[in-house]
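Shown next: query.pdb, given as PDB, C-alpha atoms.
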```pdb
MODEL        1
ATOM      1  CA  MET A   1       9.483  33.539  22.104
ATOM      2  CA  ILE A   2       6.321  33.288  20.039
ATOM      3  CA  TYR A   3       8.382  32.230  17.004
ATOM      4  CA  VAL A   4       9.989  29.381  18.920
ATOM      5  CA  ASP A   5       6.554  28.202  20.058
ATOM      6  CA  LEU A   6       5.292  28.442  16.471
ATOM      7  CA  LEU A   7       8.297  26.480  15.182
ATOM      8  CA  VAL A   8       7.838  23.757  17.805
ATOM      9  CA  ASN A   9       4.123  23.489  17.010
ATOM     10  CA  TYR A  10       4.922  23.268  13.311
ATOM     11  CA  PHE A  11       7.374  20.400  13.807
ATOM     12  CA  VAL A  12       4.933  18.571  16.073
ATOM     13  CA  TRP A  13       2.221  18.925  13.422
ATOM     14  CA  HIS A  14       4.570  18.087  10.527
ATOM     15  CA  TYR A  15       5.809  14.820  12.041
ATOM     16  CA  SER A  16       2.612  13.636  13.739
ATOM     17  CA  LEU A  17      -0.764  14.710  12.399
ATOM     18  CA  ALA A  18       0.415  15.535   8.887
ATOM     19  CA  VAL A  19       2.191  12.169   8.507
ATOM     20  CA  PHE A  20      -0.973  10.386   9.650
ATOM     21  CA  ASN A  21      -3.050  12.416   7.163
ATOM     22  CA  LEU A  22      -0.545  11.699   4.391
ATOM     23  CA  LEU A  23      -0.760   7.957   5.046
ATOM     24  CA  ASN A  24      -4.557   8.116   5.116
ATOM     25  CA  LEU A  25      -4.613  10.077   1.851
ATOM     26  CA  SER A  26      -2.200   7.574   0.281
ATOM     27  CA  LYS A  27      -4.472   4.685   1.252
ATOM     28  CA  LYS A  28      -7.448   6.458  -0.318
ATOM     29  CA  PHE A  29      -5.448   7.192  -3.477
ATOM     30  CA  LEU A  30      -4.472   3.524  -3.854
ATOM     31  CA  PHE A  31      -8.114   2.535  -3.351
ATOM     32  CA  LEU A  32      -9.073   5.047  -6.061
ATOM     33  CA  VAL A  33      -6.580   3.550  -8.531
ATOM     34  CA  GLU A  34      -7.748   0.012  -7.736
ATOM     35  CA  ASP A  35     -11.387   1.053  -8.047
ATOM     36  CA  PHE A  36     -10.741   2.949 -11.297
ATOM     37  CA  PHE A  37      -9.529  -0.255 -12.963
ATOM     38  CA  SER A  38     -12.210  -2.386 -11.210
ATOM     39  CA  MET A  39      -9.549  -4.924 -10.353
ATOM     40  CA  GLY A  40     -11.686  -6.824  -7.833
ATOM     41  CA  LEU A  41     -14.521  -7.218 -10.320
ATOM     42  CA  LEU A  42     -12.112  -8.245 -13.070
ATOM     43  CA  PHE A  43     -10.661 -10.968 -10.837
ATOM     44  CA  ARG A  44     -14.121 -12.265  -9.933
ATOM     45  CA  THR A  45     -15.242 -12.371 -13.582
ATOM     46  CA  PHE A  46     -11.892 -13.357 -15.084
ATOM     47  CA  PHE A  47     -13.174 -16.394 -17.007
ATOM     48  CA  SER A  48     -16.575 -14.946 -17.946
ATOM     49  CA  PRO A  49     -17.407 -14.391 -21.604
ATOM     50  CA  TRP A  50     -16.515 -10.977 -23.009
ATOM     51  CA  ARG A  51     -19.454  -8.595 -22.494
ATOM     52  CA  ARG A  52     -21.625 -11.631 -21.718
ATOM     53  CA  LEU A  53     -21.622 -12.570 -25.393
ATOM     54  CA  SER A  54     -22.571 -16.201 -25.758
ATOM     55  CA  GLU A  55     -24.638 -18.460 -27.948
ATOM     56  CA  LYS A  56     -27.569 -20.544 -26.788
ATOM     57  CA  LYS A  57     -27.970 -24.120 -27.945
ATOM     58  CA  LYS A  58     -30.993 -24.710 -30.108
ATOM     59  CA  PRO A  59     -33.308 -27.472 -28.992
ATOM     60  CA  GLY A  60     -32.623 -30.856 -30.444
ATOM     61  CA  LEU A  61     -29.574 -33.018 -31.010
ATOM     62  CA  ASP A  62     -27.682 -31.206 -33.759
ATOM     63  CA  LEU A  63     -23.935 -31.883 -33.384
ATOM     64  CA  GLY A  64     -23.019 -28.974 -35.674
ATOM     65  CA  ASN A  65     -25.044 -26.586 -33.535
ATOM     66  CA  ILE A  66     -23.567 -27.972 -30.305
ATOM     67  CA  PHE A  67     -20.034 -27.682 -31.679
ATOM     68  CA  SER A  68     -20.544 -24.138 -33.005
ATOM     69  CA  VAL A  69     -22.067 -23.000 -29.689
ATOM     70  CA  MET A  70     -19.138 -24.555 -27.812
ATOM     71  CA  VAL A  71     -16.571 -22.873 -30.114
ATOM     72  CA  VAL A  72     -18.224 -19.426 -29.923
ATOM     73  CA  ASN A  73     -18.642 -19.587 -26.145
ATOM     74  CA  SER A  74     -15.047 -20.755 -25.677
ATOM     75  CA  LEU A  75     -13.793 -18.020 -27.992
ATOM     76  CA  MET A  76     -15.750 -15.369 -26.070
ATOM     77  CA  ARG A  77     -14.206 -16.617 -22.817
ATOM     78  CA  VAL A  78     -10.709 -16.444 -24.341
ATOM     79  CA  VAL A  79     -11.396 -12.896 -25.562
ATOM     80  CA  GLY A  80     -12.695 -12.012 -22.084
ATOM     81  CA  VAL A  81      -9.583 -13.406 -20.422
ATOM     82  CA  LEU A  82      -7.368 -11.551 -22.894
ATOM     83  CA  PHE A  83      -9.001  -8.150 -22.408
ATOM     84  CA  ARG A  84      -9.284  -8.554 -18.642
ATOM     85  CA  SER A  85      -5.608  -9.534 -18.502
ATOM     86  CA  ILE A  86      -4.637  -6.376 -20.383
ATOM     87  CA  VAL A  87      -6.708  -4.149 -18.101
ATOM     88  CA  LEU A  88      -5.364  -5.927 -15.003
ATOM     89  CA  PHE A  89      -1.801  -5.477 -16.276
ATOM     90  CA  PHE A  90      -2.288  -1.739 -16.651
ATOM     91  CA  GLY A  91      -4.061  -1.658 -13.295
ATOM     92  CA  PHE A  92      -1.137  -3.345 -11.554
ATOM     93  CA  LEU A  93       1.259  -1.034 -13.398
ATOM     94  CA  SER A  94      -0.699   1.993 -12.183
ATOM     95  CA  VAL A  95      -0.754   0.690  -8.620
ATOM     96  CA  PHE A  96       3.010   0.100  -8.768
ATOM     97  CA  PHE A  97       3.749   3.609 -10.045
ATOM     98  CA  SER A  98       1.330   5.044  -7.507
ATOM     99  CA  LEU A  99       3.183   3.227  -4.722
ATOM    100  CA  VAL A 100       6.532   4.539  -5.985
ATOM    101  CA  PHE A 101       5.090   8.058  -6.155
ATOM    102  CA  ILE A 102       3.615   7.761  -2.638
ATOM    103  CA  ILE A 103       6.931   6.552  -1.212
ATOM    104  CA  LEU A 104       8.788   9.433  -2.874
ATOM    105  CA  VAL A 105       6.273  11.965  -1.565
ATOM    106  CA  PHE A 106       6.509  10.466   1.916
ATOM    107  CA  ILE A 107      10.333  10.639   1.909
ATOM    108  CA  ILE A 108      10.281  14.199   0.616
ATOM    109  CA  TRP A 109       7.699  15.129   3.253
ATOM    110  CA  LEU A 110       9.871  13.755   6.040
ATOM    111  CA  LEU A 111      12.994  15.502   4.725
ATOM    112  CA  TRP A 112      11.312  18.776   3.762
ATOM    113  CA  PRO A 113      12.235  20.806   6.885
ATOM    114  CA  ALA A 114      15.868  19.713   6.571
ATOM    115  CA  ILE A 115      15.843  20.589   2.859
ATOM    116  CA  ILE A 116      14.480  24.060   3.598
ATOM    117  CA  ILE A 117      17.103  24.684   6.291
ATOM    118  CA  PHE A 118      19.876  23.388   4.012
ATOM    119  CA  LEU A 119      18.773  25.607   1.119
ATOM    120  CA  PHE A 120      18.507  28.630   3.412
ATOM    121  CA  LEU A 121      22.016  28.083   4.788
ATOM    122  CA  TYR A 122      23.364  27.372   1.294
ATOM    123  CA  GLY A 123      21.852  30.637   0.065
ATOM    124  CA  ILE A 124      23.509  32.543   2.918
ATOM    125  CA  PHE A 125      26.793  30.818   2.080
ATOM    126  CA  LEU A 126      26.480  31.900  -1.565
ATOM    127  CA  ILE A 127      25.735  35.483  -0.534
ATOM    128  CA  ILE A 128      28.764  35.609   1.786
ATOM    129  CA  ASN A 129      31.184  34.156  -0.777
TER     130      ASN A 129
ENDMDL
END
```
Starting from the coordinates I provided, produce the structure as structure tokens.
Amino acid sequence: MIYVDLLVNYFVWHYSLAVFNLLNLSKKFLFLVEDFFSMGLLFRTFFSPWRRLSEKKKPGLDLGNIFSVMVVNSLMRVVGVLFRSIVLFFGFLSVFFSLVFIILVFIIWLLWPAIIIFLFLYGIFLIIN
């Protein structure tokens, strides 16, 4: 009788508390991946110059200086957008693969008791035959 009570308690835990904990852990894992790539910060600073590299205009009205400052600052913004786009791409790729992995783990978790029972019965069938 104690084994039946233990089995019932296991199934109650497996399909209630453990599923809730698995979902909570999955949410934290996705937050970790997003935080690892700093995706929020990269979106907020998407058009900022790369590593805050920029030129300052010298005082006076020198058109060559104004043009060179504008070209360098624009180039640094393009480089910043390029590098941030690459990091964001890999960040989104990591989030996608993490989601696929989480879904697979969740499906396997839900089917795990049935898989164990099937493998046990299949093993008995192989022993008999």
Suppose a student applies the PyMOL selection byres ((chain A and resi 46) around 8) to this structure; what residues should they get, written as a PyMOL selection string? chain A and resi 42-45+47-48+80-81+84
Report as a list in words all protein, DNA and RNA residues lying within 10 Å of Leu75 (chain A), evaluated on all atoms listed in the file, omitting residues in the same chain fewer than 4 positions from it.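 So the residues in contact are Pro49, Trp50, Leu53, Ser54, Val69, Met70, Val71, Val79, Gly80 and Val81 of chain A.
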Selection export as a compact mmCIF listing (two decimals), in the frame of the given file, atoms kept: C-alpha atoms:
```
# COMPACT_ATOMS: atom_id res chain seq x y z
CA PRO A 49 -17.41 -14.39 -21.60
CA TRP A 50 -16.52 -10.98 -23.01
CA LEU A 53 -21.62 -12.57 -25.39
CA SER A 54 -22.57 -16.20 -25.76
CA VAL A 69 -22.07 -23.00 -29.69
CA MET A 70 -19.14 -24.56 -27.81
CA VAL A 71 -16.57 -22.87 -30.11
CA VAL A 79 -11.40 -12.90 -25.56
CA GLY A 80 -12.70 -12.01 -22.08
CA VAL A 81 -9.58 -13.41 -20.42
```
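Put simply, CA of Phe101 (chain A) is 13.9 Å away from CA of Lys28 (chain A).
Distances from A:Asn24, A:Ser38, A:Ser16, A:Asn9 to Phe90 (chain A) were compared using only C-alpha atoms, and the smallest one belongs to A:Ser38.
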Neighbours of point (0.2, 12.4, 6.3) within 12 Å, using only C-alpha atoms, written as a list in words: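 Residues lying no farther than 12 Å from the given point: Trp13, His14, Tyr15, Ser16, Leu17, Ala18, Val19, Phe20, Asn21, Leu22, Leu23, Asn24, Leu25, Ser26, Lys27, Lys28, Ile102, Ile103, Val105, Phe106, Ile107, Ile108, Trp109 and Leu110 of chain A.
Run against this file, the PyMOL selection byres ((chain A and resi 91) around 12) gives back Leu30, Phe31, Leu32, Val33, Glu34, Asp35, Phe36, Phe37, Ser38, Met39, Gly40, Leu42, Phe43, Arg84, Ser85, Ile86, Val87, Leu88, Phe89, Phe90, Phe92, Leu93, Ser94, Val95, Phe96, Phe97 and Ser98 of chain A.
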How would region 24-43 of chain A read, as an mmCIF file, in the coordinates of the input, once N, CA and C atoms are built in?
```cif
data_model
loop_
_atom_site.group_PDB
_atom_site.id
_atom_site.type_symbol
_atom_site.label_atom_id
_atom_site.label_comp_id
_atom_site.auth_asym_id
_atom_site.auth_seq_id
_atom_site.Cartn_x
_atom_site.Cartn_y
_atom_site.Cartn_z
ATOM 1 N N ASN A 24 -3.141 8.333 5.373
ATOM 2 C CA ASN A 24 -4.557 8.116 5.116
ATOM 3 C C ASN A 24 -4.915 8.518 3.680
ATOM 4 N N LEU A 25 -4.383 9.624 3.220
ATOM 5 C CA LEU A 25 -4.613 10.077 1.851
ATOM 6 C C LEU A 25 -4.004 9.097 0.841
ATOM 7 N N SER A 26 -2.842 8.549 1.164
ATOM 8 C CA SER A 26 -2.200 7.574 0.281
ATOM 9 C C SER A 26 -3.045 6.309 0.154
ATOM 10 N N LYS A 27 -3.609 5.865 1.278
ATOM 11 C CA LYS A 27 -4.472 4.685 1.252
ATOM 12 C C LYS A 27 -5.699 4.944 0.376
ATOM 13 N N LYS A 28 -6.281 6.122 0.498
ATOM 14 C CA LYS A 28 -7.448 6.458 -0.318
ATOM 15 C C LYS A 28 -7.073 6.568 -1.794
ATOM 16 N N PHE A 29 -5.895 7.080 -2.077
ATOM 17 C CA PHE A 29 -5.448 7.192 -3.477
ATOM 18 C C PHE A 29 -5.251 5.808 -4.092
ATOM 19 N N LEU A 30 -4.645 4.881 -3.339
ATOM 20 C CA LEU A 30 -4.472 3.524 -3.854
ATOM 21 C C LEU A 30 -5.818 2.842 -4.070
ATOM 22 N N PHE A 31 -6.773 3.087 -3.172
ATOM 23 C CA PHE A 31 -8.114 2.535 -3.351
ATOM 24 C C PHE A 31 -8.756 3.118 -4.605
ATOM 25 N N LEU A 32 -8.534 4.409 -4.862
ATOM 26 C CA LEU A 32 -9.073 5.047 -6.061
ATOM 27 C C LEU A 32 -8.503 4.408 -7.321
ATOM 28 N N VAL A 33 -7.209 4.161 -7.348
ATOM 29 C CA VAL A 33 -6.580 3.550 -8.531
ATOM 30 C C VAL A 33 -7.109 2.138 -8.734
ATOM 31 N N GLU A 34 -7.230 1.373 -7.640
ATOM 32 C CA GLU A 34 -7.748 0.012 -7.736
ATOM 33 C C GLU A 34 -9.200 0.024 -8.188
ATOM 34 N N ASP A 35 -9.982 0.967 -7.680
ATOM 35 C CA ASP A 35 -11.387 1.053 -8.047
ATOM 36 C C ASP A 35 -11.559 1.565 -9.475
ATOM 37 N N PHE A 36 -10.666 2.435 -9.928
ATOM 38 C CA PHE A 36 -10.741 2.949 -11.297
ATOM 39 C C PHE A 36 -10.610 1.814 -12.314
ATOM 40 N N PHE A 37 -9.723 0.876 -12.056
ATOM 41 C CA PHE A 37 -9.529 -0.255 -12.963
ATOM 42 C C PHE A 37 -10.450 -1.427 -12.647
ATOM 43 N N SER A 38 -11.271 -1.325 -11.619
ATOM 44 C CA SER A 38 -12.210 -2.386 -11.210
ATOM 45 C C SER A 38 -11.505 -3.728 -11.077
ATOM 46 N N MET A 39 -10.379 -3.724 -10.404
ATOM 47 C CA MET A 39 -9.549 -4.924 -10.353
ATOM 48 C C MET A 39 -10.246 -6.064 -9.609
ATOM 49 N N GLY A 40 -10.972 -5.769 -8.557
ATOM 50 C CA GLY A 40 -11.686 -6.824 -7.833
ATOM 51 C C GLY A 40 -12.736 -7.484 -8.708
ATOM 52 N N LEU A 41 -13.502 -6.681 -9.428
ATOM 53 C CA LEU A 41 -14.521 -7.218 -10.320
ATOM 54 C C LEU A 41 -13.886 -8.008 -11.464
ATOM 55 N N LEU A 42 -12.772 -7.523 -11.983
ATOM 56 C CA LEU A 42 -12.112 -8.245 -13.070
ATOM 57 C C LEU A 42 -11.578 -9.593 -12.611
ATOM 58 N N PHE A 43 -11.102 -9.670 -11.353
ATOM 59 C CA PHE A 43 -10.661 -10.968 -10.837
ATOM 60 C C PHE A 43 -11.833 -11.922 -10.649
#
```
